[in-house]
Structures are given as C-alpha cells and as structure tokens.
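input_26.tsv follows; it contains TSV, C-alpha atoms.
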chain	number	residue	atom	x	y	z
A	321	MET	CA	-108.94	18.49	20.58
A	322	SER	CA	-106.24	21.11	21.19
A	323	HIS	CA	-106.56	24.58	22.66
A	324	THR	CA	-104.66	27.62	21.37
A	325	LEU	CA	-102.99	30.15	23.65
A	326	VAL	CA	-100.57	32.94	22.72
A	327	LEU	CA	-98.43	34.85	25.20
A	328	LEU	CA	-97.21	38.29	24.11
A	329	ARG	CA	-94.82	40.41	26.14
A	330	HIS	CA	-95.41	44.10	25.57
A	331	GLY	CA	-93.18	45.97	23.13
A	332	GLN	CA	-90.24	48.04	24.31
A	333	SER	CA	-91.29	50.64	26.90
A	334	THR	CA	-89.65	53.98	27.62
A	335	TRP	CA	-88.09	52.57	30.78
A	336	ASN	CA	-86.90	49.46	28.92
A	337	LEU	CA	-85.08	51.87	26.62
A	338	GLU	CA	-83.63	53.79	29.56
A	339	ASN	CA	-82.68	50.52	31.31
A	340	LEU	CA	-84.68	51.33	34.44
A	341	PHE	CA	-86.46	48.94	36.79
A	342	THR	CA	-90.11	49.43	35.88
A	343	GLY	CA	-92.35	47.00	37.76
A	344	TRP	CA	-95.74	48.52	38.53
A	345	THR	CA	-94.74	51.98	37.27
A	346	ASP	CA	-97.08	52.74	34.39
A	347	VAL	CA	-94.90	53.82	31.47
A	348	PRO	CA	-95.77	53.99	27.74
A	349	LEU	CA	-94.32	52.20	24.74
A	350	THR	CA	-91.54	53.69	22.65
A	351	ASP	CA	-91.84	54.04	18.87
A	352	GLN	CA	-89.91	50.77	18.65
A	353	GLY	CA	-92.32	49.17	21.12
A	354	ARG	CA	-95.31	50.23	19.06
A	355	ALA	CA	-93.65	48.82	15.95
A	356	GLU	CA	-92.93	45.55	17.79
A	357	ALA	CA	-96.58	45.28	18.81
A	358	ALA	CA	-97.80	45.84	15.26
A	359	GLU	CA	-95.26	43.32	13.94
A	360	ALA	CA	-96.49	40.80	16.52
A	361	GLY	CA	-99.98	41.27	15.11
A	362	ARG	CA	-98.69	40.73	11.59
A	363	LEU	CA	-96.93	37.51	12.63
A	364	MET	CA	-100.05	36.22	14.36
A	365	ALA	CA	-102.20	37.02	11.32
A	366	GLU	CA	-99.65	35.31	9.08
A	367	GLU	CA	-99.92	32.25	11.33
A	368	GLY	CA	-103.67	32.26	10.68
A	369	LEU	CA	-104.61	32.95	14.30
A	370	GLU	CA	-108.07	34.30	15.01
A	371	PHE	CA	-108.54	35.20	18.66
A	372	ASP	CA	-111.80	35.19	20.58
A	373	VAL	CA	-110.69	37.03	23.72
A	374	VAL	CA	-107.71	38.94	25.10
A	375	HIS	CA	-106.41	39.11	28.67
A	376	THR	CA	-104.10	41.95	29.76
A	377	SER	CA	-102.77	43.58	32.88
A	378	LEU	CA	-103.83	47.02	34.14
A	379	GLN	CA	-100.65	48.61	32.79
A	380	LYS	CA	-100.70	50.72	29.64
A	381	ARG	CA	-97.66	49.14	27.96
A	382	ALA	CA	-99.47	45.77	27.86
A	383	ILE	CA	-102.85	47.33	27.04
A	384	HIS	CA	-101.43	49.38	24.15
A	385	THR	CA	-99.51	46.37	22.86
A	386	SER	CA	-102.74	44.39	22.68
A	387	PHE	CA	-104.49	47.28	20.89
A	388	LEU	CA	-101.74	47.63	18.28
A	389	ALA	CA	-101.42	43.89	17.68
A	390	LEU	CA	-105.18	43.46	17.30
A	391	ASP	CA	-105.36	46.49	14.99
A	392	ALA	CA	-102.77	44.84	12.73
A	393	MET	CA	-105.01	41.75	12.67
A	394	ASP	CA	-108.21	43.76	12.08
A	395	LEU	CA	-109.51	42.40	15.39
A	396	ASP	CA	-109.94	45.68	17.26
A	397	TRP	CA	-113.45	44.66	18.30
A	398	LEU	CA	-112.42	41.68	20.43
A	399	PRO	CA	-113.46	41.61	24.10
A	400	VAL	CA	-110.59	42.40	26.48
A	401	LYS	CA	-110.36	41.31	30.11
A	402	ARG	CA	-107.93	43.24	32.32
A	403	HIS	CA	-106.67	42.21	35.73
A	404	TRP	CA	-103.99	43.30	38.17
A	405	ARG	CA	-102.86	39.70	38.64
A	406	LEU	CA	-101.27	39.92	35.17
A	407	ASN	CA	-99.25	43.02	36.13
A	408	GLU	CA	-95.48	43.01	35.95
A	409	ARG	CA	-93.54	41.88	39.00
A	410	HIS	CA	-93.28	44.63	41.62
A	411	TYR	CA	-89.61	45.59	41.96
A	412	GLY	CA	-90.04	47.32	45.31
A	413	ALA	CA	-87.48	49.99	46.13
A	414	LEU	CA	-85.63	49.29	42.86
A	415	GLN	CA	-88.43	50.80	40.76
A	416	GLY	CA	-87.16	53.79	38.81
A	417	LEU	CA	-83.47	52.96	39.38
A	418	ASP	CA	-80.99	52.41	36.57
A	419	LYS	CA	-80.16	48.70	36.27
A	420	LYS	CA	-76.50	49.19	35.38
A	421	GLN	CA	-75.88	51.78	38.10
A	422	THR	CA	-77.63	49.55	40.64
A	423	ALA	CA	-75.32	46.69	39.61
A	424	GLU	CA	-72.28	48.94	40.05
A	425	GLN	CA	-73.49	50.04	43.49
A	426	HIS	CA	-74.60	46.70	44.91
A	427	GLY	CA	-72.65	44.26	42.75
A	428	ALA	CA	-73.76	42.33	39.70
A	429	ASP	CA	-74.41	39.15	41.69
A	430	GLN	CA	-76.74	40.89	44.13
A	431	VAL	CA	-78.69	42.61	41.35
A	432	PHE	CA	-78.94	39.36	39.40
A	433	THR	CA	-80.34	37.74	42.56
A	434	TRP	CA	-82.91	40.52	42.94
A	435	ARG	CA	-83.82	40.41	39.27
A	436	ARG	CA	-83.83	36.72	38.54
A	437	SER	CA	-83.68	34.47	41.60
A	438	TYR	CA	-86.91	32.61	42.14
A	439	ASP	CA	-87.48	33.44	45.80
A	440	THR	CA	-85.42	36.53	46.79
A	441	PRO	CA	-87.32	39.83	46.45
A	442	PRO	CA	-85.68	43.27	46.24
A	443	PRO	CA	-85.96	45.67	49.21
A	444	ALA	CA	-89.60	46.55	49.90
A	445	LEU	CA	-91.26	49.95	49.61
A	446	GLU	CA	-92.51	51.66	52.74
A	447	PRO	CA	-96.30	52.20	52.79
A	448	SER	CA	-95.70	55.96	52.74
A	449	ASP	CA	-93.70	55.74	49.50
A	450	GLU	CA	-95.70	57.23	46.59
A	451	ARG	CA	-94.57	54.29	44.44
A	452	HIS	CA	-96.54	51.87	46.65
A	453	PRO	CA	-99.65	50.64	44.75
A	454	MET	CA	-101.89	51.55	47.68
A	455	HIS	CA	-101.62	55.14	46.43
A	456	ASP	CA	-102.85	54.22	42.92
A	457	SER	CA	-106.60	54.57	42.36
A	458	ARG	CA	-106.78	51.53	40.06
A	459	TYR	CA	-106.01	49.30	43.07
A	460	SER	CA	-108.18	51.13	45.62
A	461	HIS	CA	-110.73	48.30	45.69
A	462	LEU	CA	-108.13	45.77	46.84
A	463	ALA	CA	-107.31	44.98	50.45
A	464	PRO	CA	-104.01	46.62	51.46
A	465	ASP	CA	-102.49	43.30	52.50
A	466	ILE	CA	-102.95	41.95	48.94
A	467	LEU	CA	-100.95	44.75	47.31
A	468	PRO	CA	-97.23	44.02	46.97
A	469	ALA	CA	-94.49	46.31	48.26
A	470	THR	CA	-91.96	44.05	46.50
A	471	GLU	CA	-92.05	40.66	44.78
A	472	CYS	CA	-89.84	37.79	43.73
A	473	LEU	CA	-90.89	35.54	40.87
A	474	LYS	CA	-92.32	33.02	43.33
A	475	ASP	CA	-94.68	35.75	44.54
A	476	VAL	CA	-95.71	36.51	40.96
A	477	VAL	CA	-96.45	32.83	40.32
A	478	GLU	CA	-98.62	32.68	43.43
A	479	ARG	CA	-100.67	35.79	42.58
A	480	MET	CA	-100.89	35.01	38.83
A	481	LEU	CA	-102.01	31.36	38.99
A	482	PRO	CA	-105.48	32.06	40.46
A	483	TYR	CA	-106.21	34.21	37.42
A	484	TRP	CA	-104.92	31.49	35.10
A	485	PHE	CA	-107.20	28.87	36.64
A	486	ASP	CA	-110.23	31.09	37.26
A	487	ALA	CA	-110.27	33.22	34.08
A	488	ILE	CA	-107.97	32.02	31.29
A	489	VAL	CA	-108.45	28.26	31.58
A	490	PRO	CA	-112.27	28.55	31.42
A	491	ASP	CA	-111.95	30.55	28.19
A	492	LEU	CA	-109.65	27.91	26.71
A	493	LYS	CA	-111.91	25.04	27.78
A	494	ASP	CA	-114.82	26.92	26.23
A	495	GLY	CA	-113.05	26.52	22.89
A	496	LYS	CA	-111.79	30.10	22.67
A	497	THR	CA	-108.45	31.05	21.15
A	498	VAL	CA	-106.80	33.24	23.79
A	499	LEU	CA	-104.20	36.01	23.64
A	500	VAL	CA	-102.50	37.10	26.88
A	501	ALA	CA	-100.66	40.42	26.52
A	502	ALA	CA	-98.66	41.05	29.66
A	503	HIS	CA	-95.11	41.44	30.99
A	504	GLY	CA	-91.75	39.73	31.18
A	505	ASN	CA	-92.22	38.33	34.67
A	506	SER	CA	-95.96	37.65	34.73
A	507	LEU	CA	-95.49	35.73	31.48
A	508	ARG	CA	-92.35	34.04	32.81
A	509	ALA	CA	-94.44	32.89	35.77
A	510	LEU	CA	-97.06	31.47	33.42
A	511	LEU	CA	-94.41	29.87	31.19
A	512	LYS	CA	-92.89	28.26	34.29
A	513	HIS	CA	-96.24	26.72	35.13
A	514	LEU	CA	-97.11	25.62	31.60
A	515	GLU	CA	-93.72	24.17	30.71
A	516	ASP	CA	-92.90	22.85	34.19
A	517	VAL	CA	-89.64	24.81	34.37
A	518	SER	CA	-87.72	24.20	37.60
A	519	ASP	CA	-86.96	26.90	40.17
A	520	GLU	CA	-83.28	26.54	39.26
A	521	GLU	CA	-83.80	26.91	35.49
A	522	ILE	CA	-86.29	29.78	35.41
A	523	PRO	CA	-83.70	32.54	36.11
A	524	GLY	CA	-82.17	31.73	32.72
A	525	VAL	CA	-85.43	32.10	30.78
A	526	ASN	CA	-85.66	35.39	28.87
A	527	ILE	CA	-88.87	36.41	27.11
A	528	PRO	CA	-88.25	38.90	24.29
A	529	THR	CA	-90.44	41.97	23.87
A	530	GLY	CA	-93.10	41.89	21.17
A	531	VAL	CA	-92.60	38.27	20.09
A	532	PRO	CA	-95.68	35.99	20.27
A	533	ARG	CA	-95.22	32.57	21.93
A	534	LEU	CA	-97.75	30.07	20.60
A	535	TYR	CA	-99.01	27.14	22.67
A	536	LYS	CA	-101.15	24.18	21.74
A	537	LEU	CA	-102.64	22.61	24.88
A	538	ASP	CA	-104.59	19.41	25.47
A	539	ASP	CA	-107.83	19.22	27.45
A	540	ASP	CA	-105.87	18.98	30.71
A	541	MET	CA	-103.90	22.13	29.77
A	542	ASN	CA	-100.72	20.17	29.17
A	543	VAL	CA	-98.43	21.58	26.48
A	544	ILE	CA	-98.49	19.79	23.13
A	545	GLU	CA	-96.47	22.44	21.30
A	546	ALA	CA	-94.70	25.66	22.28
A	547	ARG	CA	-92.79	27.99	19.96
A	548	TYR	CA	-92.10	31.62	19.19
A	549	LEU	CA	-93.40	33.06	15.94
A	550	GLY	CA	-90.99	34.75	13.55
A	551	ASP	CA	-87.35	34.36	12.57
A	552	ALA	CA	-85.52	32.11	15.05
A	553	GLU	CA	-82.26	34.09	14.95
A	554	ALA	CA	-84.06	37.39	15.54
A	555	VAL	CA	-85.97	35.88	18.47
A	556	ALA	CA	-82.74	34.55	20.01
A	557	ALA	CA	-81.06	37.96	19.62
A	558	ALA	CA	-84.04	39.69	21.27
A	559	ALA	CA	-83.94	37.26	24.19
A	560	GLU	CA	-80.20	37.82	24.58
A	561	ALA	CA	-80.77	41.58	24.70
A	562	VAL	CA	-83.17	41.06	27.61
A	563	ALA	CA	-80.55	38.97	29.42
A	564	LYS	CA	-77.93	41.76	29.10
A	565	GLN	CA	-80.08	44.60	30.45
A	566	ALA	CA	-78.38	44.75	33.83
A	567	GLY	CA	-74.99	45.07	32.17

Show the structure stored in the file as structure tokens.
Amino acid sequence: MSHTLVLLRHGQSTWNLENLFTGWTDVPLTDQGRAEAAEAGRLMAEEGLEFDVVHTSLQKRAIHTSFLALDAMDLDWLPVKRHWRLNERHYGALQGLDKKQTAEQHGADQVFTWRRSYDTPPPALEPSDERHPMHDSRYSHLAPDILPATECLKDVVERMLPYWFDAIVPDLKDGKTVLVAAHGNSLRALLKHLEDVSDEEIPGVNIPTGVPRLYKLDDDMNVIEARYLGDAEAVAAAAEAVAKQAG
C-alpha cells in the first residue's frame, strides 16, 4: 500500500514580486500568485488527485493558495488544519529588506549564506521590534521562548518535524490523501527529511511557487516516487527564477 502526499508552495506573493525578504510577515498573493494557485489545482485535478485533508501554515499566502487550488478542484469543503510550525522561515532583521540591495550592502556571499546555508541564521530581531512574532496575536498562546527572532533552515527542520510526525503522518497512515500548502523553506525542510537531502546539498534545492510536488510513500513513510506536476521545462524555469532572487 502506498500513501499520497502533495507539497504545494504558495503562489507568488506581493513581496516575492518586490524581491523582499518576507519570512513571517503576512503578505497577500499577487494576481500571478492567485493564477498559479488555481493552475496548481487544475494540475492536481488532471492528475486525478482527491484529497481528504489539507495542512497549511498560519500565513495568508499559504491559506489563500490552498483555497484557490481546492476551488479549482471543487474541493472547497475539505477540512483544513493550520499550524505555525508550517510557517515560512523567520528571516530575522532581514524581513522587509530588498534582497538585491542587501546583497550589494553585505556582499552576495554573505546574503547567500543567510538565505541558504543550513545552519547560519540572519541577524536576530530584538524583542521590542514590532516584527517580532511575540507582538502578533495569532502567536499569543505560545511561550515566548518558542517564538523565533531569526531562523536558519536547521531551525525550521527542528520546529517543523514534530508537526510532520504528530499531525501529517497520522493522517497519511489513516489512509488519507494529504495536501500541504506552505512555504519555500518549511517545504524545503520537509523535502530534506523525506528525500534524505544532505546539509551540503539542500542550499541548492529551489522549490518553485505554485507547482505541486507529488509523493508516493510506503508504510514507513519512505519515498517510492517524487515528482513535480506539469511541464518539466516550465518547472525548471520557475525553480531557476527562485534561485536568482537575490541577484
């Protein structure tokens, strides 16, 4: 018996378009992002997928992507589980800054390290900074020491995996077909775990916006099959665009 899981990075957001570090800042989708989400739904319907449950973050770009994709599949009624552990990586003091300008100021190598190294986080936010999640009511029930002031991908893996094991895996083992609509780094963290990508290789993995990645898993949650849906050349071009964002 195999289990079906699909990972879907949200469509283009307004800050993706403006080439800004977004992180936990809650920004909406662009018109292109909404179109990408609907097209993702069309591709998943064309594949014959019928989901039983959806998992998303607490951020509107992932939530709206799931809504639009499910609407395209006529599955608006599906139960949705939302959790902060699926949020995007927290970019600390970089949040809201222009990626290209930051590279010009600090050097491309330093910004690449902040963006993509496995274990080097950007500069942290001070607790008094309004961008710190402790000032956001959706996280008010969480202990302050749990909330990140900055994160590297290693941190995202460590805070995402408990949700994978405690919430998503039980749904899969219950025979449910699962859609996870989340973010570039929370999904990169999950991809790293599922596909056993090394710490050295993961910086080179780019997940395109709005393109479903389909997994078939065995009973032990080992990958039997993994592939993106849609035209291979278009997927490769979208992934390359993500890689070039810092300029």

**Q.** Distance query A:Pro532 at most 7 Å, all atoms listed in the file, self and fewer than 6 positions along chain excluded, as a PyMOL selection string
**A.** chain A and resi 326-328+360+548-549

Q. If we count all atoms listed in the file, what is near A:Leu390 at a cut-off of 7 Å, once residues fewer than 5 positions away on the same chain are taken out, given as a list in words?
A. Gly361, Leu395 and Asp396 of chain A

How close does each residue of stretch 483-529 of chain A get to stretch 402-412 of chain A, giving the shortest atom pair and distance in Å to one decimal for every residue with an atom at most 12 Å away, counting all atoms listed in the file, sorted by chain and residue number, as a Markdown table?
| residue | atom | partner | partner_atom | distance |
| --- | --- | --- | --- | --- |
| A:Tyr483 | CA | A:Arg405 | CA | 6.5 |
| A:Trp484 | CA | A:Arg405 | CA | 9.2 |
| A:Phe485 | CA | A:Arg405 | CA | 11.8 |
| A:Asp486 | CA | A:Arg405 | CA | 11.4 |
| A:Ala487 | CA | A:His403 | CA | 9.8 |
| A:Ile488 | CA | A:Leu406 | CA | 11.1 |
| A:Leu499 | CA | A:Arg402 | CA | 11.9 |
| A:Val500 | CA | A:Leu406 | CA | 8.8 |
| A:Ala501 | CA | A:Leu406 | CA | 8.7 |
| A:Ala502 | CA | A:Leu406 | CA | 6.2 |
| A:His503 | CA | A:Glu408 | CA | 5.2 |
| A:Gly504 | CA | A:Glu408 | CA | 6.9 |
| A:Asn505 | CA | A:Arg409 | CA | 5.8 |
| A:Ser506 | CA | A:Glu408 | CA | 5.5 |
| A:Leu507 | CA | A:Leu406 | CA | 8.0 |
| A:Arg508 | CA | A:Glu408 | CA | 10.0 |
| A:Ala509 | CA | A:Arg409 | CA | 9.6 |
| A:Leu510 | CA | A:Leu406 | CA | 9.6 |

Q) To one decimal place, how far is atom CA of A:Val374 from atom CA of A:Leu398 in Å? A) 7.2 Å

Closest atom pairs, stretch 350-418 of chain A residues within 12 Å of stretch 525-529 of chain A, only C-alpha atoms, as JSON lines:
{"residue": "A:Thr350", "atom": "CA", "partner": "A:Thr529", "partner_atom": "CA", "distance": 11.8}
{"residue": "A:Gln352", "atom": "CA", "partner": "A:Thr529", "partner_atom": "CA", "distance": 10.2}
{"residue": "A:Gly353", "atom": "CA", "partner": "A:Thr529", "partner_atom": "CA", "distance": 7.9}
{"residue": "A:Arg354", "atom": "CA", "partner": "A:Thr529", "partner_atom": "CA", "distance": 10.7}
{"residue": "A:Ala355", "atom": "CA", "partner": "A:Thr529", "partner_atom": "CA", "distance": 11.0}
{"residue": "A:Glu356", "atom": "CA", "partner": "A:Thr529", "partner_atom": "CA", "distance": 7.5}
{"residue": "A:Ala357", "atom": "CA", "partner": "A:Thr529", "partner_atom": "CA", "distance": 8.6}
{"residue": "A:Ala358", "atom": "CA", "partner": "A:Thr529", "partner_atom": "CA", "distance": 12.0}
{"residue": "A:Glu359", "atom": "CA", "partner": "A:Thr529", "partner_atom": "CA", "distance": 11.1}
{"residue": "A:Ala360", "atom": "CA", "partner": "A:Thr529", "partner_atom": "CA", "distance": 9.6}
{"residue": "A:Arg381", "atom": "CA", "partner": "A:Thr529", "partner_atom": "CA", "distance": 11.0}
{"residue": "A:Ala382", "atom": "CA", "partner": "A:Thr529", "partner_atom": "CA", "distance": 10.6}
{"residue": "A:Thr385", "atom": "CA", "partner": "A:Thr529", "partner_atom": "CA", "distance": 10.1}
